[in-house]
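What follows is the content of final10.txt (compact mmCIF, N, CA and C atoms and all ligand atoms).
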```
# COMPACT_ATOMS: atom_id res chain seq x y z
N MET M 325 9.04 5.13 -13.32
CA MET M 325 9.07 6.00 -12.14
C MET M 325 7.69 6.04 -11.48
N SER M 326 7.65 5.75 -10.21
CA SER M 326 6.38 5.78 -9.51
C SER M 326 6.49 6.68 -8.29
N ALA M 327 5.36 7.05 -7.76
CA ALA M 327 5.36 7.85 -6.54
C ALA M 327 6.04 7.05 -5.43
N GLY M 328 6.74 7.73 -4.57
CA GLY M 328 7.40 7.04 -3.48
C GLY M 328 8.72 6.42 -3.89
N GLU M 329 9.19 6.75 -5.07
CA GLU M 329 10.49 6.30 -5.53
C GLU M 329 11.57 6.78 -4.55
N GLU M 330 12.56 5.93 -4.31
CA GLU M 330 13.62 6.34 -3.40
C GLU M 330 14.54 7.36 -4.08
N ALA M 331 15.39 7.95 -3.33
CA ALA M 331 16.33 8.94 -3.85
C ALA M 331 17.13 8.32 -5.00
N PRO M 332 17.62 9.17 -5.89
CA PRO M 332 18.41 8.65 -7.01
C PRO M 332 19.56 7.77 -6.52
N THR M 333 19.93 6.80 -7.33
CA THR M 333 21.05 5.94 -6.96
C THR M 333 22.32 6.77 -6.88
N MET M 334 23.27 6.30 -6.08
CA MET M 334 24.49 7.06 -5.86
C MET M 334 25.70 6.26 -6.32
N PRO M 335 26.61 6.94 -6.99
CA PRO M 335 27.80 6.23 -7.49
C PRO M 335 28.84 6.00 -6.40
N ILE M 336 29.23 4.76 -6.22
CA ILE M 336 30.33 4.41 -5.31
C ILE M 336 31.48 3.95 -6.20
N TYR M 337 32.59 4.61 -6.07
CA TYR M 337 33.75 4.20 -6.86
C TYR M 337 34.77 3.52 -5.97
N GLU M 338 35.51 2.65 -6.58
CA GLU M 338 36.60 2.02 -5.85
C GLU M 338 37.91 2.51 -6.42
N TYR M 339 38.86 2.71 -5.51
CA TYR M 339 40.17 3.21 -5.88
C TYR M 339 41.23 2.27 -5.37
N GLU M 340 42.25 2.09 -6.20
CA GLU M 340 43.37 1.28 -5.77
C GLU M 340 44.52 2.20 -5.40
N CYS M 341 45.07 1.96 -4.22
CA CYS M 341 46.17 2.80 -3.72
C CYS M 341 47.47 2.36 -4.37
N ARG M 342 48.17 3.32 -4.96
CA ARG M 342 49.44 2.97 -5.59
C ARG M 342 50.51 2.69 -4.55
N ALA M 343 50.34 3.20 -3.33
CA ALA M 343 51.34 2.98 -2.28
C ALA M 343 51.22 1.60 -1.66
N CYS M 344 50.00 1.20 -1.30
CA CYS M 344 49.86 -0.08 -0.59
C CYS M 344 49.07 -1.12 -1.39
N GLY M 345 48.48 -0.70 -2.51
CA GLY M 345 47.79 -1.65 -3.38
C GLY M 345 46.41 -2.07 -2.91
N LYS M 346 45.94 -1.49 -1.80
CA LYS M 346 44.63 -1.87 -1.28
C LYS M 346 43.53 -0.99 -1.86
N LEU M 347 42.31 -1.48 -1.74
CA LEU M 347 41.17 -0.77 -2.33
C LEU M 347 40.46 0.09 -1.29
N THR M 348 40.01 1.23 -1.73
CA THR M 348 39.22 2.13 -0.91
C THR M 348 37.99 2.50 -1.73
N SER M 349 36.82 2.41 -1.12
CA SER M 349 35.63 2.82 -1.86
C SER M 349 35.16 4.16 -1.35
N ALA M 350 34.61 4.97 -2.24
CA ALA M 350 34.17 6.30 -1.86
C ALA M 350 32.95 6.69 -2.67
N LEU M 351 32.06 7.39 -2.00
CA LEU M 351 30.89 7.95 -2.67
C LEU M 351 31.30 9.30 -3.25
N ILE M 352 31.20 9.43 -4.54
CA ILE M 352 31.63 10.66 -5.21
C ILE M 352 30.41 11.35 -5.82
N MET M 353 30.04 12.48 -5.24
CA MET M 353 28.89 13.21 -5.75
C MET M 353 29.31 14.26 -6.77
N LYS M 354 30.50 14.79 -6.61
CA LYS M 354 31.01 15.82 -7.52
C LYS M 354 32.41 15.42 -7.95
N ALA M 355 32.73 15.73 -9.19
CA ALA M 355 34.02 15.31 -9.74
C ALA M 355 35.19 15.78 -8.87
N GLU M 356 35.07 16.99 -8.33
CA GLU M 356 36.21 17.51 -7.57
C GLU M 356 36.45 16.76 -6.25
N GLU M 357 35.45 16.03 -5.80
CA GLU M 357 35.64 15.26 -4.56
C GLU M 357 36.63 14.11 -4.76
N GLU M 358 36.76 13.71 -6.01
CA GLU M 358 37.62 12.58 -6.30
C GLU M 358 39.06 12.84 -5.88
N SER M 359 39.52 14.07 -6.03
CA SER M 359 40.91 14.39 -5.69
C SER M 359 41.14 14.40 -4.18
N GLN M 360 40.05 14.37 -3.40
CA GLN M 360 40.18 14.41 -1.95
C GLN M 360 40.14 13.02 -1.33
N VAL M 361 39.93 12.01 -2.16
CA VAL M 361 39.84 10.66 -1.62
C VAL M 361 41.21 10.19 -1.13
N LEU M 362 41.23 9.69 0.11
CA LEU M 362 42.47 9.16 0.69
C LEU M 362 42.35 7.65 0.84
N CYS M 363 43.46 6.97 0.74
CA CYS M 363 43.48 5.54 1.01
C CYS M 363 43.13 5.34 2.49
N LYS M 364 42.14 4.48 2.73
CA LYS M 364 41.74 4.30 4.13
C LYS M 364 42.70 3.38 4.89
N HIS M 365 43.62 2.79 4.17
CA HIS M 365 44.56 1.87 4.80
C HIS M 365 45.84 2.58 5.22
N CYS M 366 46.36 3.43 4.33
CA CYS M 366 47.64 4.09 4.64
C CYS M 366 47.56 5.61 4.55
N ARG M 367 46.37 6.13 4.29
CA ARG M 367 46.13 7.57 4.16
C ARG M 367 46.84 8.17 2.95
N GLY M 368 47.29 7.33 2.05
CA GLY M 368 47.92 7.83 0.84
C GLY M 368 46.89 8.50 -0.06
N HIS M 369 47.36 9.40 -0.92
CA HIS M 369 46.42 10.07 -1.81
C HIS M 369 46.73 9.82 -3.28
N ASP M 370 47.61 8.86 -3.54
CA ASP M 370 47.91 8.52 -4.92
C ASP M 370 47.06 7.31 -5.31
N LEU M 371 45.82 7.60 -5.69
CA LEU M 371 44.87 6.55 -5.96
C LEU M 371 44.47 6.56 -7.42
N LYS M 372 44.19 5.38 -7.94
CA LYS M 372 43.62 5.33 -9.29
C LYS M 372 42.26 4.65 -9.20
N ARG M 373 41.32 5.16 -9.97
CA ARG M 373 39.99 4.59 -9.94
C ARG M 373 39.98 3.22 -10.62
N VAL M 374 39.31 2.28 -9.99
CA VAL M 374 39.18 0.95 -10.57
C VAL M 374 37.84 0.91 -11.28
N ILE M 375 37.87 1.15 -12.57
CA ILE M 375 36.64 1.33 -13.34
C ILE M 375 35.70 0.14 -13.24
N SER M 376 36.27 -1.05 -13.33
CA SER M 376 35.42 -2.23 -13.40
C SER M 376 34.70 -2.51 -12.09
N ARG M 377 35.12 -1.86 -11.01
CA ARG M 377 34.52 -2.15 -9.72
C ARG M 377 33.45 -1.13 -9.33
N VAL M 378 33.07 -0.27 -10.24
CA VAL M 378 32.03 0.71 -9.92
C VAL M 378 30.72 -0.01 -9.60
N VAL M 379 30.14 0.32 -8.50
CA VAL M 379 28.85 -0.26 -8.14
C VAL M 379 27.88 0.87 -7.86
N TRP M 380 26.63 0.56 -7.94
CA TRP M 380 25.60 1.56 -7.68
C TRP M 380 24.71 1.07 -6.56
N HIS M 381 24.34 1.98 -5.71
CA HIS M 381 23.32 1.63 -4.73
C HIS M 381 22.06 1.26 -5.49
N LYS M 382 21.49 0.14 -5.14
CA LYS M 382 20.35 -0.34 -5.90
C LYS M 382 19.06 0.33 -5.45
N THR M 383 18.17 0.47 -6.38
CA THR M 383 16.83 0.91 -6.02
C THR M 383 16.10 -0.27 -5.40
N GLU M 384 15.01 0.00 -4.72
CA GLU M 384 14.26 -1.08 -4.11
C GLU M 384 13.75 -2.05 -5.18
N ALA M 385 13.35 -1.51 -6.33
CA ALA M 385 12.86 -2.38 -7.41
C ALA M 385 13.94 -3.34 -7.87
N GLN M 386 15.18 -2.84 -7.96
CA GLN M 386 16.29 -3.69 -8.37
C GLN M 386 16.56 -4.74 -7.31
N ARG M 387 16.55 -4.31 -6.04
CA ARG M 387 16.79 -5.25 -4.95
C ARG M 387 15.73 -6.34 -4.98
N LEU M 388 14.49 -5.92 -5.21
CA LEU M 388 13.38 -6.86 -5.18
C LEU M 388 13.52 -7.88 -6.30
N SER M 389 13.88 -7.39 -7.49
CA SER M 389 13.95 -8.31 -8.63
C SER M 389 15.10 -9.30 -8.49
N GLU M 390 16.17 -8.89 -7.79
CA GLU M 390 17.33 -9.77 -7.66
C GLU M 390 17.27 -10.64 -6.42
N PHE M 391 16.32 -10.32 -5.56
CA PHE M 391 16.29 -10.95 -4.25
C PHE M 391 15.66 -12.33 -4.31
N ASP M 392 16.30 -13.29 -3.69
CA ASP M 392 15.75 -14.63 -3.61
C ASP M 392 15.45 -14.93 -2.14
N ALA M 393 14.16 -14.96 -1.81
CA ALA M 393 13.76 -15.12 -0.41
C ALA M 393 14.16 -16.47 0.15
N ARG M 394 14.41 -17.44 -0.73
CA ARG M 394 14.78 -18.77 -0.24
C ARG M 394 16.27 -18.89 -0.01
N GLY M 395 17.02 -17.92 -0.58
CA GLY M 395 18.46 -17.98 -0.45
C GLY M 395 18.92 -17.59 0.94
N ARG M 396 20.09 -18.07 1.31
CA ARG M 396 20.65 -17.72 2.60
C ARG M 396 21.34 -16.37 2.45
N GLN M 397 21.04 -15.48 3.36
CA GLN M 397 21.65 -14.16 3.31
C GLN M 397 22.61 -14.02 4.49
N ASP M 398 23.60 -13.20 4.30
CA ASP M 398 24.54 -13.04 5.42
C ASP M 398 23.99 -12.05 6.45
N ASP M 399 24.69 -11.95 7.56
CA ASP M 399 24.22 -11.11 8.66
C ASP M 399 24.05 -9.65 8.26
N ALA M 400 24.93 -9.18 7.40
CA ALA M 400 24.85 -7.78 6.98
C ALA M 400 23.53 -7.51 6.27
N PHE M 401 23.06 -8.53 5.55
CA PHE M 401 21.80 -8.38 4.85
C PHE M 401 20.68 -8.11 5.85
N TYR M 402 20.66 -8.87 6.93
CA TYR M 402 19.58 -8.73 7.89
C TYR M 402 19.71 -7.48 8.76
N ARG M 403 20.93 -6.95 8.84
CA ARG M 403 21.10 -5.71 9.60
C ARG M 403 20.62 -4.50 8.82
N ASP M 404 20.41 -4.67 7.52
CA ASP M 404 19.96 -3.57 6.68
C ASP M 404 18.44 -3.54 6.71
N ASP M 405 17.88 -2.54 7.37
CA ASP M 405 16.43 -2.58 7.57
C ASP M 405 15.64 -2.42 6.27
N ARG M 406 16.29 -1.94 5.21
CA ARG M 406 15.59 -1.90 3.92
C ARG M 406 15.27 -3.30 3.44
N ASN M 407 16.12 -4.26 3.85
CA ASN M 407 15.92 -5.62 3.39
C ASN M 407 14.84 -6.35 4.17
N ILE M 408 14.51 -5.85 5.35
CA ILE M 408 13.44 -6.47 6.12
C ILE M 408 12.12 -6.32 5.36
N GLY M 409 11.86 -5.12 4.91
CA GLY M 409 10.65 -4.90 4.12
C GLY M 409 10.68 -5.65 2.81
N LEU M 410 11.88 -5.77 2.26
CA LEU M 410 12.05 -6.47 1.00
C LEU M 410 11.66 -7.94 1.14
N TRP M 411 12.13 -8.53 2.21
CA TRP M 411 11.83 -9.93 2.48
C TRP M 411 10.32 -10.14 2.57
N ALA M 412 9.66 -9.25 3.29
CA ALA M 412 8.22 -9.36 3.46
C ALA M 412 7.50 -9.21 2.12
N LYS M 413 7.93 -8.23 1.34
CA LYS M 413 7.31 -8.02 0.03
C LYS M 413 7.48 -9.23 -0.87
N LYS M 414 8.69 -9.77 -0.85
CA LYS M 414 8.98 -10.92 -1.69
C LYS M 414 8.15 -12.12 -1.26
N ARG M 415 8.09 -12.38 0.04
CA ARG M 415 7.31 -13.50 0.53
C ARG M 415 5.84 -13.34 0.15
N LEU M 416 5.32 -12.13 0.33
CA LEU M 416 3.91 -11.89 0.03
C LEU M 416 3.63 -12.04 -1.46
N SER M 417 4.56 -11.55 -2.29
CA SER M 417 4.31 -11.68 -3.73
C SER M 417 4.45 -13.13 -4.17
N ASP M 418 5.35 -13.88 -3.52
CA ASP M 418 5.47 -15.32 -3.82
C ASP M 418 4.18 -16.05 -3.47
N MET M 419 3.52 -15.59 -2.42
CA MET M 419 2.29 -16.24 -1.96
C MET M 419 1.05 -15.68 -2.67
N ASP M 420 1.29 -14.78 -3.65
CA ASP M 420 0.18 -14.16 -4.37
C ASP M 420 -0.75 -13.40 -3.44
N VAL M 421 -0.20 -12.85 -2.41
CA VAL M 421 -1.00 -12.04 -1.50
C VAL M 421 -0.95 -10.60 -1.98
N ASP M 422 -2.10 -10.03 -2.20
CA ASP M 422 -2.15 -8.62 -2.59
C ASP M 422 -2.80 -7.82 -1.48
N LEU M 423 -1.97 -7.16 -0.71
CA LEU M 423 -2.49 -6.40 0.42
C LEU M 423 -2.69 -4.93 0.07
N GLY M 424 -2.35 -4.56 -1.17
CA GLY M 424 -2.52 -3.17 -1.56
C GLY M 424 -1.82 -2.23 -0.60
N SER M 425 -2.49 -1.19 -0.20
CA SER M 425 -1.87 -0.18 0.64
C SER M 425 -1.54 -0.73 2.03
N GLN M 426 -2.19 -1.81 2.38
CA GLN M 426 -1.91 -2.44 3.67
C GLN M 426 -0.48 -2.98 3.73
N LEU M 427 0.04 -3.30 2.55
CA LEU M 427 1.37 -3.87 2.49
C LEU M 427 2.42 -2.91 3.05
N ASP M 428 2.33 -1.66 2.64
CA ASP M 428 3.32 -0.70 3.12
C ASP M 428 3.25 -0.55 4.63
N GLU M 429 2.05 -0.61 5.16
CA GLU M 429 1.87 -0.53 6.60
C GLU M 429 2.52 -1.74 7.28
N THR M 430 2.31 -2.89 6.65
CA THR M 430 2.89 -4.12 7.18
C THR M 430 4.41 -4.04 7.18
N ILE M 431 4.95 -3.50 6.10
CA ILE M 431 6.40 -3.39 5.99
C ILE M 431 6.94 -2.39 7.01
N GLU M 432 6.17 -1.33 7.25
CA GLU M 432 6.60 -0.38 8.27
C GLU M 432 6.67 -1.07 9.63
N LYS M 433 5.74 -1.95 9.91
CA LYS M 433 5.76 -2.71 11.16
C LYS M 433 7.00 -3.58 11.23
N ALA M 434 7.28 -4.23 10.10
CA ALA M 434 8.46 -5.11 10.06
C ALA M 434 9.72 -4.31 10.28
N ARG M 435 9.79 -3.14 9.68
CA ARG M 435 10.99 -2.32 9.80
C ARG M 435 11.15 -1.75 11.20
N SER M 436 10.04 -1.57 11.90
CA SER M 436 10.15 -1.04 13.25
C SER M 436 10.29 -2.19 14.26
N GLY M 437 10.50 -3.39 13.78
CA GLY M 437 10.83 -4.49 14.65
C GLY M 437 9.67 -5.35 15.10
N LYS M 438 8.47 -5.07 14.63
CA LYS M 438 7.33 -5.86 15.03
C LYS M 438 7.23 -7.13 14.18
N ILE M 439 6.75 -8.15 14.79
CA ILE M 439 6.66 -9.45 14.10
C ILE M 439 5.44 -9.46 13.19
N LEU M 440 5.54 -10.20 12.09
CA LEU M 440 4.45 -10.28 11.12
C LEU M 440 3.43 -11.36 11.48
N ASP M 441 3.21 -11.58 12.75
CA ASP M 441 2.35 -12.70 13.14
C ASP M 441 0.86 -12.39 13.02
N ASP M 442 0.54 -11.14 12.65
CA ASP M 442 -0.89 -10.86 12.48
C ASP M 442 -1.32 -11.03 11.03
N LEU M 443 -0.48 -11.60 10.20
CA LEU M 443 -0.86 -11.85 8.80
C LEU M 443 -1.74 -13.09 8.71
ZN ZN Y 1 47.24 2.84 0.72
```
Represent the supplied structure as structure tokens.
Amino acid sequence: MSAGEEAPTMPIYEYECRACGKLTSALIMKAEEESQVLCKHCRGHDLKRVISRVVWHKTEAQRLSEFDARGRQDDAFYRDDRNIGLWAKKRLSDMDVDLGSQLDETIEKARSGKILDDL
């Protein structure tokens, strides 16, 4: 745990609708919210949780460790502004560049849409 840690990860559960068989994902913060989940396809409420499909929002550290800057990412990846800073961090660490506190400033520029051409 370090200073500036992001908010705790959040559980996203997936549910299979017994009426139409399609999956609906929902963020469940409290157990009682589970009974309020509706199928987003048919509005049915007879859902069963699909245990194996539970995913967690990743922390930045997890994203960073799994991220491959050379890999091709889909459009959704680039629309997520958290990943813009991630890309910059990964590239800089690959290049052994240690910008210290300047790095966060650089990432803030990247996230606000400015180009990294002053590096
Ligand atoms: Zn349904």
**OP:** Find, counting only C-alpha atoms and all ligand atoms, the residue in M:Lys354, M:His365, M:Lys372, M:Arg415 that gets nearest to ligand ZN 1 (chain Y).
**Re:**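 The answer is M:His365, which sits nearest to ligand ZN 1 (chain Y).
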Original post:
Closest to ligand ZN 1 (chain Y) among M:Leu362, M:Met419, M:Ile336, M:Met353, using all atoms listed in the file?
Top reply: M:Leu362
Subject >> Two-atom distance - CA of Pro335 in chain M, CA of Cys366 in chain M (Å) >> reply: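 Value for the CA of Pro335 in chain M-CA of Cys366 in chain M distance: 23.4 Å.
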Original post:
Which of these residues is nearest to ligand ZN 1 (chain Y), using all atoms listed in the file: M:Val361, M:Ser349, M:Arg367, M:Tyr337?
Top reply: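 So, comparing all the options, the nearest one is M:Arg367.
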Hey, which bits of chain M sit within 10 Å of ligand ZN 1 (chain Y), and for each residue what's the closest pair of atoms and how far apart in Å (one decimal), counting only C-alpha atoms and all ligand atoms, rows by chain and increasing number, as a Markdown table?
```
| residue | atom | partner | partner_atom | distance |
| --- | --- | --- | --- | --- |
| M:Tyr339 | CA | Y:ZN1 | ZN | 9.7 |
| M:Glu340 | CA | Y:ZN1 | ZN | 7.7 |
| M:Cys341 | CA | Y:ZN1 | ZN | 4.6 |
| M:Arg342 | CA | Y:ZN1 | ZN | 6.7 |
| M:Ala343 | CA | Y:ZN1 | ZN | 5.1 |
| M:Cys344 | CA | Y:ZN1 | ZN | 4.1 |
| M:Gly345 | CA | Y:ZN1 | ZN | 6.1 |
| M:Lys346 | CA | Y:ZN1 | ZN | 5.7 |
| M:Leu347 | CA | Y:ZN1 | ZN | 7.7 |
| M:Thr348 | CA | Y:ZN1 | ZN | 8.2 |
| M:Leu362 | CA | Y:ZN1 | ZN | 7.9 |
| M:Cys363 | CA | Y:ZN1 | ZN | 4.6 |
| M:Lys364 | CA | Y:ZN1 | ZN | 6.6 |
| M:His365 | CA | Y:ZN1 | ZN | 5.0 |
| M:Cys366 | CA | Y:ZN1 | ZN | 4.1 |
| M:Arg367 | CA | Y:ZN1 | ZN | 6.0 |
| M:Gly368 | CA | Y:ZN1 | ZN | 5.0 |
| M:His369 | CA | Y:ZN1 | ZN | 7.7 |
| M:Asp370 | CA | Y:ZN1 | ZN | 8.0 |
| M:Leu371 | CA | Y:ZN1 | ZN | 8.0 |
```
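Picture a line from CA of Gln386 in chain M to atom N of Glu356 in chain M; it runs 27.9 Å.
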Where's the centre, and what are the edge lengths in Å to one decimal, of a box along x, y and z enclosing all listed atoms of range 344-352 of chain M padded 8 Å per side, as AutoDock Vina command-line options?
```
--center_x 40.2 --center_y 4.6 --center_z -3.2 --size_x 35.6 --size_y 29.4 --size_z 21.2
```
Original post:
What is the atom N of Glu357 in chain M to atom C of Val374 in chain M distance in Å?
Top reply: 16.3 Å
